[in-house]
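Trainee: Pasting my_file_14.txt below, which is compact mmCIF, C-alpha atoms and all ligand atoms.
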# COMPACT_ATOMS: atom_id res chain seq x y z
CA MET A 249 0.03 -26.96 -42.13
CA ASN A 250 -3.28 -25.18 -41.76
CA MET A 251 -3.37 -21.44 -41.65
CA PRO A 252 -6.16 -20.88 -39.16
CA HIS A 253 -7.47 -17.58 -37.94
CA CYS A 254 -8.41 -15.99 -34.66
CA ASN A 255 -12.12 -16.18 -35.32
CA THR A 256 -13.42 -17.81 -32.20
CA GLY A 257 -16.56 -16.98 -30.40
CA ALA A 258 -18.97 -14.16 -30.40
CA ASN A 259 -16.00 -11.84 -30.54
CA ASP A 260 -14.49 -11.93 -33.98
CA MET A 261 -12.10 -9.22 -32.95
CA CYS A 262 -9.00 -10.31 -34.82
CA ASP A 263 -8.67 -11.80 -38.24
CA THR A 264 -4.98 -12.64 -38.46
CA THR A 265 -3.37 -16.02 -38.00
CA ILE A 266 -2.53 -16.78 -34.39
CA GLN A 267 1.07 -17.91 -34.14
CA ILE A 268 2.48 -19.92 -31.26
CA GLY A 269 6.13 -20.73 -30.62
CA VAL A 270 6.92 -24.37 -29.86
CA SER A 271 9.90 -26.59 -29.09
CA ALA A 272 10.49 -28.30 -32.44
CA CYS A 273 10.69 -31.86 -31.06
CA LEU A 274 7.06 -31.57 -29.90
CA LEU A 275 5.97 -31.31 -33.53
CA GLY A 276 7.71 -34.59 -34.32
CA ARG A 277 10.90 -33.13 -35.72
CA LYS A 278 13.87 -35.42 -35.12
CA VAL A 279 16.05 -32.86 -33.38
CA ARG A 280 16.65 -34.45 -29.96
CA PHE A 281 20.14 -35.37 -28.77
CA ASP A 282 19.45 -39.03 -29.62
CA GLY A 283 18.04 -38.24 -33.07
CA GLY A 284 14.48 -38.81 -31.92
CA HIS A 285 11.49 -36.57 -31.28
CA LYS A 286 8.80 -36.10 -28.63
CA ARG A 287 5.78 -35.58 -30.82
CA SER A 288 2.68 -34.47 -28.90
CA ARG A 289 -0.55 -35.51 -30.58
CA PHE A 290 -2.49 -32.74 -28.87
CA ILE A 291 -0.08 -30.09 -30.13
CA ALA A 292 0.84 -31.51 -33.53
CA ASP A 293 -2.70 -32.64 -34.43
CA ALA A 294 -5.44 -30.90 -32.41
CA LEU A 295 -3.82 -27.49 -31.94
CA ALA A 296 -2.35 -27.44 -35.44
CA ASP A 297 -5.88 -27.07 -36.81
CA HIS A 298 -6.25 -23.76 -34.99
CA PHE A 299 -2.83 -22.16 -34.82
CA GLU A 300 0.26 -21.69 -36.90
CA PHE A 301 3.35 -22.99 -35.12
CA VAL A 302 6.77 -21.39 -35.23
CA ALA A 303 9.25 -24.09 -34.23
CA PHE A 304 12.57 -23.62 -32.45
CA CYS A 305 15.27 -26.09 -31.46
CA PRO A 306 17.89 -24.03 -29.63
CA GLU A 307 20.43 -26.84 -29.38
CA VAL A 308 20.38 -27.46 -33.12
CA ALA A 309 20.32 -23.71 -33.77
CA ILE A 310 23.59 -23.18 -31.88
CA GLY A 311 25.26 -25.84 -34.00
CA MET A 312 25.24 -28.86 -31.71
CA GLY A 313 23.94 -31.13 -34.46
CA THR A 314 21.82 -34.28 -34.24
CA PRO A 315 22.57 -36.71 -32.69
CA ARG A 316 24.71 -34.98 -30.07
CA GLN A 317 26.01 -35.33 -26.57
CA PRO A 318 23.25 -34.62 -24.01
CA ILE A 319 23.66 -31.58 -21.78
CA ARG A 320 22.45 -30.78 -18.27
CA LEU A 321 22.21 -27.77 -15.98
CA VAL A 322 24.90 -27.49 -13.34
CA GLY A 323 25.48 -25.04 -10.48
CA ASP A 324 23.24 -22.41 -8.95
CA ASP A 325 19.61 -22.68 -10.10
CA ARG A 326 19.32 -18.98 -11.00
CA HIS A 327 22.50 -18.87 -13.09
CA PRO A 328 23.29 -22.46 -14.02
CA GLN A 329 25.62 -23.59 -16.76
CA ALA A 330 24.60 -25.98 -19.52
CA LEU A 331 27.40 -28.56 -19.66
CA GLY A 332 27.95 -31.82 -21.51
CA VAL A 333 26.87 -34.86 -19.50
CA LYS A 334 29.81 -36.96 -20.71
CA THR A 335 32.22 -34.07 -21.27
CA PRO A 336 31.70 -31.30 -18.69
CA GLU A 337 34.27 -29.19 -20.57
CA LEU A 338 31.56 -28.67 -23.20
CA ASP A 339 29.87 -25.46 -22.02
CA VAL A 340 27.04 -24.19 -24.24
CA SER A 341 25.56 -21.78 -21.67
CA GLN A 342 26.49 -18.60 -23.51
CA PRO A 343 25.40 -19.73 -27.00
CA LEU A 344 22.03 -20.88 -25.60
CA ARG A 345 21.49 -17.59 -23.76
CA SER A 346 22.54 -15.54 -26.80
CA TYR A 347 20.24 -17.51 -29.07
CA GLY A 348 17.39 -17.10 -26.58
CA LYS A 349 17.93 -13.32 -26.52
CA LYS A 350 18.02 -13.19 -30.31
CA VAL A 351 14.78 -15.18 -30.66
CA ALA A 352 13.15 -13.10 -27.93
CA GLY A 353 13.78 -10.02 -30.05
CA ASP A 354 12.13 -11.62 -33.07
CA ILE A 355 8.90 -13.05 -31.67
CA HIS A 356 6.71 -10.04 -30.93
CA HIS A 357 4.11 -11.55 -33.27
CA LEU A 358 3.66 -14.73 -31.17
CA CYS A 359 0.63 -15.12 -28.89
CA GLY A 360 1.92 -18.09 -26.88
CA PHE A 361 4.82 -20.50 -26.46
CA ILE A 362 4.80 -24.23 -25.66
CA PHE A 363 8.06 -25.56 -24.23
CA LYS A 364 9.37 -29.12 -23.87
CA LYS A 365 9.40 -30.03 -20.21
CA ASP A 366 12.56 -31.10 -18.36
CA SER A 367 14.90 -29.85 -21.08
CA PRO A 368 18.02 -27.91 -19.95
CA SER A 369 17.35 -25.62 -22.93
CA CYS A 370 13.56 -25.53 -23.27
CA GLY A 371 12.14 -26.52 -19.85
CA MET A 372 9.89 -23.86 -18.32
CA GLU A 373 10.19 -24.91 -14.68
CA ARG A 374 11.36 -27.73 -12.38
CA VAL A 375 14.29 -28.60 -14.67
CA LYS A 376 16.99 -30.62 -12.88
CA VAL A 377 19.99 -28.56 -11.78
CA TYR A 378 22.96 -30.60 -10.54
CA ASN A 379 25.03 -29.31 -7.62
CA ASP A 380 28.79 -29.78 -7.21
CA LYS A 381 28.19 -33.21 -5.67
CA GLY A 382 26.24 -34.30 -8.77
CA ILE A 383 22.90 -34.28 -6.91
CA PRO A 384 19.96 -32.90 -8.91
CA GLU A 385 17.31 -30.56 -7.63
CA ARG A 386 14.22 -29.71 -9.70
CA SER A 387 14.59 -25.97 -9.41
CA GLY A 388 15.75 -24.71 -12.82
CA THR A 389 14.52 -23.25 -16.09
CA GLY A 390 16.03 -24.10 -19.45
CA LEU A 391 18.46 -21.42 -20.62
CA PHE A 392 16.62 -20.72 -23.87
CA ALA A 393 13.19 -20.69 -22.19
CA ARG A 394 14.43 -18.33 -19.47
CA GLU A 395 15.40 -15.66 -22.03
CA ILE A 396 12.02 -15.91 -23.80
CA ILE A 397 10.04 -15.67 -20.56
CA LYS A 398 12.18 -12.84 -19.20
CA ALA A 399 11.79 -10.74 -22.35
CA HIS A 400 8.04 -11.45 -22.74
CA PRO A 401 6.43 -11.51 -19.29
CA LEU A 402 2.91 -11.20 -20.77
CA LEU A 403 3.32 -14.02 -23.29
CA PRO A 404 1.24 -17.09 -22.33
CA VAL A 405 3.70 -19.96 -21.87
CA GLU A 406 3.17 -23.59 -20.99
CA GLU A 407 4.88 -26.98 -21.12
CA GLU A 408 3.52 -29.91 -23.08
CA GLY A 409 3.35 -32.10 -19.97
CA ARG A 410 1.14 -29.61 -18.12
CA LEU A 411 -1.15 -29.45 -21.15
CA ASN A 412 -2.37 -32.95 -20.23
CA ASP A 413 -4.21 -31.30 -17.34
CA ALA A 414 -7.68 -30.15 -18.48
CA ASP A 415 -7.66 -26.97 -16.36
CA LEU A 416 -4.19 -25.90 -17.47
CA ARG A 417 -4.96 -26.75 -21.09
CA ASP A 418 -8.14 -24.64 -21.11
CA ASN A 419 -6.36 -21.87 -19.24
CA PHE A 420 -3.42 -21.70 -21.65
CA ILE A 421 -5.55 -21.61 -24.80
CA THR A 422 -7.88 -19.05 -23.24
CA ARG A 423 -4.89 -16.82 -22.46
CA VAL A 424 -3.54 -17.22 -26.00
CA TYR A 425 -6.82 -15.92 -27.42
CA VAL A 426 -7.01 -13.06 -24.91
CA TYR A 427 -3.46 -12.06 -25.80
CA ALA A 428 -4.25 -12.30 -29.52
CA ARG A 429 -7.27 -10.02 -29.04
CA TRP A 430 -5.09 -7.59 -27.10
CA LYS A 431 -2.49 -7.53 -29.89
CA ALA A 432 -5.27 -6.95 -32.41
CA LEU A 433 -6.51 -4.03 -30.30
CA LEU A 434 -3.05 -2.46 -30.26
CA ALA A 435 -2.47 -3.16 -33.95
CA GLY A 436 -5.69 -1.32 -34.77
CA GLY A 437 -4.55 1.72 -32.78
CA LEU A 438 -5.15 1.97 -29.05
CA SER A 439 -8.08 4.21 -28.15
CA LYS A 440 -10.03 4.91 -24.98
CA SER A 441 -13.18 3.39 -26.42
CA GLY A 442 -11.27 0.32 -27.61
CA LEU A 443 -9.73 -0.24 -24.20
CA LEU A 444 -13.08 0.13 -22.44
CA LYS A 445 -14.73 -2.25 -24.89
CA PHE A 446 -11.95 -4.80 -24.37
CA HIS A 447 -12.56 -4.66 -20.61
CA THR A 448 -16.32 -4.96 -21.04
CA ASP A 449 -16.00 -7.91 -23.42
CA HIS A 450 -13.80 -9.76 -20.94
CA LYS A 451 -15.92 -8.98 -17.88
CA TYR A 452 -17.24 -12.46 -17.18
CA LEU A 453 -14.08 -14.21 -18.27
CA LEU A 454 -12.15 -12.12 -15.76
CA MET A 455 -14.82 -12.63 -13.11
CA SER A 456 -14.36 -16.39 -13.46
CA HIS A 457 -10.83 -15.77 -12.15
CA SER A 458 -11.33 -12.88 -9.75
CA THR A 459 -14.18 -10.48 -9.05
CA VAL A 460 -11.78 -8.36 -7.00
CA VAL A 461 -9.40 -7.84 -9.93
CA TYR A 462 -12.35 -7.17 -12.24
CA LYS A 463 -13.35 -4.28 -9.98
CA GLN A 464 -9.75 -3.06 -9.59
CA LEU A 465 -9.27 -2.97 -13.34
CA GLY A 466 -12.58 -1.14 -13.71
CA GLN A 467 -11.22 1.50 -11.31
CA LEU A 468 -7.97 1.65 -13.28
CA LEU A 469 -10.00 2.51 -16.39
CA ALA A 470 -12.41 4.87 -14.64
CA ASP A 471 -10.38 7.99 -15.49
CA LEU A 472 -8.43 7.59 -18.71
CA SER A 473 -7.24 11.19 -18.70
CA ARG A 474 -5.09 11.02 -15.58
CA ALA A 475 -2.11 9.40 -17.35
CA PRO A 476 -0.94 8.56 -20.88
CA LEU A 477 -3.29 5.97 -22.35
CA ALA A 478 -0.41 3.65 -23.27
CA ASP A 479 0.76 3.58 -19.63
CA ILE A 480 -2.72 2.74 -18.38
CA ALA A 481 -3.02 0.05 -21.05
CA ASP A 482 0.33 -1.46 -20.01
CA SER A 483 -0.78 -1.65 -16.37
CA TYR A 484 -4.12 -3.08 -17.42
CA ILE A 485 -2.84 -5.93 -19.58
CA ALA A 486 -0.09 -6.84 -17.10
CA ARG A 487 -2.65 -7.27 -14.30
CA LEU A 488 -5.13 -9.03 -16.57
CA MET A 489 -2.66 -11.60 -17.90
CA GLN A 490 -1.26 -12.22 -14.43
CA THR A 491 -4.77 -12.83 -13.07
CA LEU A 492 -5.74 -15.13 -15.95
CA SER A 493 -2.60 -17.23 -15.48
CA LYS A 494 -4.22 -18.94 -12.49
CA PRO A 495 -7.01 -21.27 -13.69
CA ALA A 496 -10.61 -20.38 -12.89
CA THR A 497 -12.27 -22.48 -10.20
CA ARG A 498 -15.57 -24.37 -10.31
CA LYS A 499 -16.91 -22.04 -7.62
CA ARG A 500 -16.11 -18.92 -9.63
CA HIS A 501 -17.49 -20.43 -12.84
CA THR A 502 -20.70 -21.19 -10.95
CA ASN A 503 -20.90 -17.59 -9.80
CA VAL A 504 -20.49 -16.35 -13.39
CA LEU A 505 -23.07 -18.82 -14.73
CA GLN A 506 -25.59 -17.57 -12.17
CA HIS A 507 -24.89 -13.98 -13.19
CA LEU A 508 -25.53 -14.92 -16.82
CA LEU A 509 -28.73 -16.72 -15.88
CA GLY A 510 -29.89 -13.44 -14.36
CA TYR A 511 -29.98 -11.87 -17.85
CA LEU A 512 -32.51 -14.51 -18.93
CA LYS A 513 -34.84 -14.37 -15.98
CA ARG A 514 -37.47 -12.26 -17.69
CA ASP A 515 -37.29 -14.22 -20.94
CA LEU A 516 -37.53 -17.79 -19.63
CA ASP A 517 -40.61 -19.47 -18.26
CA SER A 518 -40.32 -21.03 -14.85
CA ALA A 519 -39.68 -24.57 -16.18
CA HIS A 520 -36.71 -23.44 -18.31
CA ARG A 521 -35.36 -21.25 -15.50
CA THR A 522 -35.51 -24.16 -13.05
CA ASP A 523 -33.90 -26.49 -15.56
CA LEU A 524 -31.02 -24.07 -16.16
CA ASN A 525 -30.60 -23.38 -12.47
CA GLU A 526 -30.49 -27.09 -11.67
CA THR A 527 -27.96 -27.67 -14.43
CA ILE A 528 -25.70 -24.96 -12.99
CA GLU A 529 -26.07 -26.54 -9.54
CA ALA A 530 -25.22 -29.96 -10.96
CA TYR A 531 -22.10 -28.43 -12.53
CA ARG A 532 -21.20 -26.91 -9.15
CA ARG A 533 -21.47 -30.37 -7.56
CA GLY A 534 -19.19 -31.83 -10.25
CA GLU A 535 -21.93 -33.89 -11.94
CA PHE A 536 -21.61 -32.12 -15.31
CA PRO A 537 -18.64 -30.59 -17.11
CA LEU A 538 -18.68 -26.84 -17.74
CA VAL A 539 -19.66 -27.31 -21.37
CA VAL A 540 -23.19 -28.42 -20.36
CA PRO A 541 -24.45 -25.23 -18.64
CA ILE A 542 -22.48 -23.12 -21.14
CA ARG A 543 -24.19 -24.83 -24.09
CA MET A 544 -27.60 -24.33 -22.48
CA LEU A 545 -26.88 -20.64 -21.90
CA GLN A 546 -25.67 -20.24 -25.48
CA HIS A 547 -28.90 -21.84 -26.70
CA HIS A 548 -31.09 -19.54 -24.62
CA PHE A 549 -29.13 -16.45 -25.66
CA ILE A 550 -29.64 -17.42 -29.32
CA VAL A 551 -33.40 -17.55 -28.71
CA HIS A 552 -33.33 -14.44 -26.49
CA PRO A 553 -30.38 -12.35 -27.73
CA HIS A 554 -28.88 -9.84 -25.36
CA PRO A 555 -26.41 -7.34 -26.83
CA TYR A 556 -24.29 -7.12 -23.68
CA ILE A 557 -23.98 -10.89 -23.37
CA ASN A 558 -23.42 -11.41 -27.09
CA GLN A 559 -20.10 -9.62 -26.80
CA GLN A 560 -18.92 -11.59 -23.75
CA VAL A 561 -15.82 -13.65 -24.49
CA TYR A 562 -16.66 -15.95 -21.57
CA LEU A 563 -19.33 -17.90 -23.44
CA ASP A 564 -17.01 -18.68 -26.34
CA PRO A 565 -13.36 -18.08 -25.41
CA HIS A 566 -11.78 -20.59 -27.83
CA PRO A 567 -12.87 -22.94 -30.65
CA GLN A 568 -15.50 -25.46 -29.56
CA ALA A 569 -13.80 -28.10 -31.72
CA LEU A 570 -10.98 -28.26 -29.16
CA GLN A 571 -13.54 -29.46 -26.57
CA LEU A 572 -11.56 -27.82 -23.79
CA ARG A 573 -14.57 -27.34 -21.54
CA ASN A 574 -15.75 -30.92 -21.89
CA ARG A 575 -13.45 -32.05 -19.07
CA LEU A 576 -13.67 -29.02 -16.78
S1 LIG B 601 13.72 -29.85 -25.98
FE1 LIG B 601 14.34 -28.01 -27.11
S2 LIG B 601 16.54 -28.25 -27.42
FE2 LIG B 601 15.73 -30.27 -26.87
S3 LIG B 601 15.28 -31.26 -28.83
FE3 LIG B 601 13.39 -30.27 -28.15
S4 LIG B 601 13.44 -28.28 -29.15
FE4 LIG B 601 15.55 -29.09 -29.25
For this file, write the structure as structure tokens.
Mentor:
Amino acid sequence: MNMPHCNTGANDMCDTTIQIGVSACLLGRKVRFDGGHKRSRFIADALADHFEFVAFCPEVAIGMGTPRQPIRLVGDDRHPQALGVKTPELDVSQPLRSYGKKVAGDIHHLCGFIFKKDSPSCGMERVKVYNDKGIPERSGTGLFAREIIKAHPLLPVEEEGRLNDADLRDNFITRVYVYARWKALLAGGLSKSGLLKFHTDHKYLLMSHSTVVYKQLGQLLADLSRAPLADIADSYIARLMQTLSKPATRKRHTNVLQHLLGYLKRDLDSAHRTDLNETIEAYRRGEFPLVVPIRMLQHHFIVHPHPYINQQVYLDPHPQALQLRNRL
């Protein structure tokens, strides 16, 4: 497996390997109840070139073996039990929860987690929970996944099925890199200047999600002496990650692109300005993917460098080789 590094974009702010947790069957490991796997080409091939995966199979880890009897969630959707489908006397709820708690305590180095959808152990949402009449409702979370998410509310999490959606795919990988940069900031020693620089670097990325939250977070950082810096930082990253968890819209991207164009107005002649403006408008109308105006802006900022824009994560939030903005 490759050992890639967090070296994306104009912001080479961290130089350690980015590690992501993953349900082991998604990597092609034959750990499913039927002895098979659910290999995802996007995860096992494309993402593997950029991240180091840490694989978990909770059902194998608690000793269920492979192949094994399938299990399902039964009861109340907030506190369901994981019972055998053929033998309801088989109750692995407690071992799955205990294993989830144990793993949650060991994964502070991870910058994301990809779960297998629909699994009573690994599913992130909409997992079937059967009521006492045997009728399923898609209202549950896998018992292992629930412990991970509960213990790490900031950790970017996603399911492999949702990663087929271009917006959700881009959004998840963007959040992984933001979280990795945040961890690098903390690992280097939190400072007032570091926190302010982090906010500045993420200005346009955050604005592509919410200008209101960008301003609110600016106010939060306006007086760094009023409370312990660590407390302010905790509030900051919680709000930032929550805001980034909702994908940016075409309208907000257009707004950010126009802001960035403003930095070039004095440097470009009228023909280039018009061309760039029309390209942004064509993106707004859905005629081009986001990568087109972004690539043009990157080109112009190479010719006309601007120190403030050079540090903006927005123009280069994740590796171009993943082509995540080609379908946005
Ligand atoms: S979904 Fe989770 S528990 Fe099921 S096989 Fe995959 S990794 Fe194992």
Trainee: Choose the residue, out of A:Leu344, A:Leu403, A:Leu472, A:Cys273, that has the smallest atom-to-atom separation from ligand LIG 601 (chain B); count only C-alpha atoms and all ligand atoms.
Mentor: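 Nearest to ligand LIG 601 (chain B): A:Cys273.
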Trainee: Please return as a PyMOL selection string the residues found within 10 Å of ligand LIG 601 (chain B), counting all atoms listed in the file.
Mentor: chain A and resi 270-287+303-310+312+314-315+318-319+344+363-371+390-393
Trainee: Let me see the file: selected residues, C-alpha atoms, as a PDB file, in the frame of the given file.
Mentor:
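Okay, this is what ended up in again00.pdb:
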ATOM      1  CA  VAL A 270       6.920 -24.370 -29.860  1.00  0.00           C
ATOM      2  CA  SER A 271       9.900 -26.590 -29.090  1.00  0.00           C
ATOM      3  CA  ALA A 272      10.490 -28.300 -32.440  1.00  0.00           C
ATOM      4  CA  CYS A 273      10.690 -31.860 -31.060  1.00  0.00           C
ATOM      5  CA  LEU A 274       7.060 -31.570 -29.900  1.00  0.00           C
ATOM      6  CA  LEU A 275       5.970 -31.310 -33.530  1.00  0.00           C
ATOM      7  CA  GLY A 276       7.710 -34.590 -34.320  1.00  0.00           C
ATOM      8  CA  ARG A 277      10.900 -33.130 -35.720  1.00  0.00           C
ATOM      9  CA  LYS A 278      13.870 -35.420 -35.120  1.00  0.00           C
ATOM     10  CA  VAL A 279      16.050 -32.860 -33.380  1.00  0.00           C
ATOM     11  CA  ARG A 280      16.650 -34.450 -29.960  1.00  0.00           C
ATOM     12  CA  PHE A 281      20.140 -35.370 -28.770  1.00  0.00           C
ATOM     13  CA  ASP A 282      19.450 -39.030 -29.620  1.00  0.00           C
ATOM     14  CA  GLY A 283      18.040 -38.240 -33.070  1.00  0.00           C
ATOM     15  CA  GLY A 284      14.480 -38.810 -31.920  1.00  0.00           C
ATOM     16  CA  HIS A 285      11.490 -36.570 -31.280  1.00  0.00           C
ATOM     17  CA  LYS A 286       8.800 -36.100 -28.630  1.00  0.00           C
ATOM     18  CA  ARG A 287       5.780 -35.580 -30.820  1.00  0.00           C
ATOM     19  CA  ALA A 303       9.250 -24.090 -34.230  1.00  0.00           C
ATOM     20  CA  PHE A 304      12.570 -23.620 -32.450  1.00  0.00           C
ATOM     21  CA  CYS A 305      15.270 -26.090 -31.460  1.00  0.00           C
ATOM     22  CA  PRO A 306      17.890 -24.030 -29.630  1.00  0.00           C
ATOM     23  CA  GLU A 307      20.430 -26.840 -29.380  1.00  0.00           C
ATOM     24  CA  VAL A 308      20.380 -27.460 -33.120  1.00  0.00           C
ATOM     25  CA  ALA A 309      20.320 -23.710 -33.770  1.00  0.00           C
ATOM     26  CA  ILE A 310      23.590 -23.180 -31.880  1.00  0.00           C
ATOM     27  CA  MET A 312      25.240 -28.860 -31.710  1.00  0.00           C
ATOM     28  CA  THR A 314      21.820 -34.280 -34.240  1.00  0.00           C
ATOM     29  CA  PRO A 315      22.570 -36.710 -32.690  1.00  0.00           C
ATOM     30  CA  PRO A 318      23.250 -34.620 -24.010  1.00  0.00           C
ATOM     31  CA  ILE A 319      23.660 -31.580 -21.780  1.00  0.00           C
ATOM     32  CA  LEU A 344      22.030 -20.880 -25.600  1.00  0.00           C
ATOM     33  CA  PHE A 363       8.060 -25.560 -24.230  1.00  0.00           C
ATOM     34  CA  LYS A 364       9.370 -29.120 -23.870  1.00  0.00           C
ATOM     35  CA  LYS A 365       9.400 -30.030 -20.210  1.00  0.00           C
ATOM     36  CA  ASP A 366      12.560 -31.100 -18.360  1.00  0.00           C
ATOM     37  CA  SER A 367      14.900 -29.850 -21.080  1.00  0.00           C
ATOM     38  CA  PRO A 368      18.020 -27.910 -19.950  1.00  0.00           C
ATOM     39  CA  SER A 369      17.350 -25.620 -22.930  1.00  0.00           C
ATOM     40  CA  CYS A 370      13.560 -25.530 -23.270  1.00  0.00           C
ATOM     41  CA  GLY A 371      12.140 -26.520 -19.850  1.00  0.00           C
ATOM     42  CA  GLY A 390      16.030 -24.100 -19.450  1.00  0.00           C
ATOM     43  CA  LEU A 391      18.460 -21.420 -20.620  1.00  0.00           C
ATOM     44  CA  PHE A 392      16.620 -20.720 -23.870  1.00  0.00           C
ATOM     45  CA  ALA A 393      13.190 -20.690 -22.190  1.00  0.00           C
TER      46      ALA A 393
END
Trainee: Go through A:Leu402, A:Ala414, A:Val460, A:Ala330 and flag the residue nearest Asp482 (chain A), using all atoms listed in the file for the distances.
Mentor: A:Leu402
Trainee: Excluding Thr422 (chain A) and residues on its chain fewer than 4 positions from it, collect all residues at most 12 Å away from it, counting only C-alpha atoms, and give them as a ChimeraX atom specification.
Mentor: /A:254,256-257,359-360,404-405,415-418,426-429,450,453-454,457,489,492-496,561-568,570,572-573
Trainee: To one decimal in Å, tell me the separation between CA of Phe536 (chain A) and CA of Thr502 (chain A).
Mentor: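 Straight-line distance from CA of Phe536 (chain A) to CA of Thr502 (chain A) works out to 11.8 Å.
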Trainee: Report, in Å with one decimal, the straight-line distance from CA of Arg487 (chain A) to CA of Gly442 (chain A).
Mentor: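 According to the coordinates, CA of Arg487 (chain A) and CA of Gly442 (chain A) are separated by 17.6 Å.
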Trainee: Between A:Leu516, A:Pro401, A:Asn574, A:Gly534, which one has atoms that come closest to Val551 (chain A), using all atoms listed in the file?
Mentor: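 That would be A:Leu516, the residue with the smallest distance to Val551 (chain A).
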Trainee: So the first atom is CA of Tyr425 (chain A) and the second is CA of Ala530 (chain A); what is the distance between them in Å, to one decimal place?
Mentor: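 Result for CA of Tyr425 (chain A) versus CA of Ala530 (chain A): 28.4 Å, one decimal.
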Trainee: I want to know what sits within 12 Å of Ala352 (chain A), based on all atoms listed in the file, with residues of the same chain fewer than 6 positions away left out; could you give that as a PDB file with C-alpha atoms, keeping the file's coordinate frame?
Mentor:
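Dumped to part.pdb:
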ATOM      1  CA  GLY A 269       6.130 -20.730 -30.620  1.00  0.00           C
ATOM      2  CA  PHE A 304      12.570 -23.620 -32.450  1.00  0.00           C
ATOM      3  CA  ARG A 345      21.490 -17.590 -23.760  1.00  0.00           C
ATOM      4  CA  SER A 346      22.540 -15.540 -26.800  1.00  0.00           C
ATOM      5  CA  LEU A 358       3.660 -14.730 -31.170  1.00  0.00           C
ATOM      6  CA  PHE A 361       4.820 -20.500 -26.460  1.00  0.00           C
ATOM      7  CA  PHE A 392      16.620 -20.720 -23.870  1.00  0.00           C
ATOM      8  CA  ALA A 393      13.190 -20.690 -22.190  1.00  0.00           C
ATOM      9  CA  ARG A 394      14.430 -18.330 -19.470  1.00  0.00           C
ATOM     10  CA  GLU A 395      15.400 -15.660 -22.030  1.00  0.00           C
ATOM     11  CA  ILE A 396      12.020 -15.910 -23.800  1.00  0.00           C
ATOM     12  CA  ILE A 397      10.040 -15.670 -20.560  1.00  0.00           C
ATOM     13  CA  LYS A 398      12.180 -12.840 -19.200  1.00  0.00           C
ATOM     14  CA  ALA A 399      11.790 -10.740 -22.350  1.00  0.00           C
ATOM     15  CA  HIS A 400       8.040 -11.450 -22.740  1.00  0.00           C
ATOM     16  CA  PRO A 401       6.430 -11.510 -19.290  1.00  0.00           C
ATOM     17  CA  LEU A 403       3.320 -14.020 -23.290  1.00  0.00           C
TER      18      LEU A 403
END
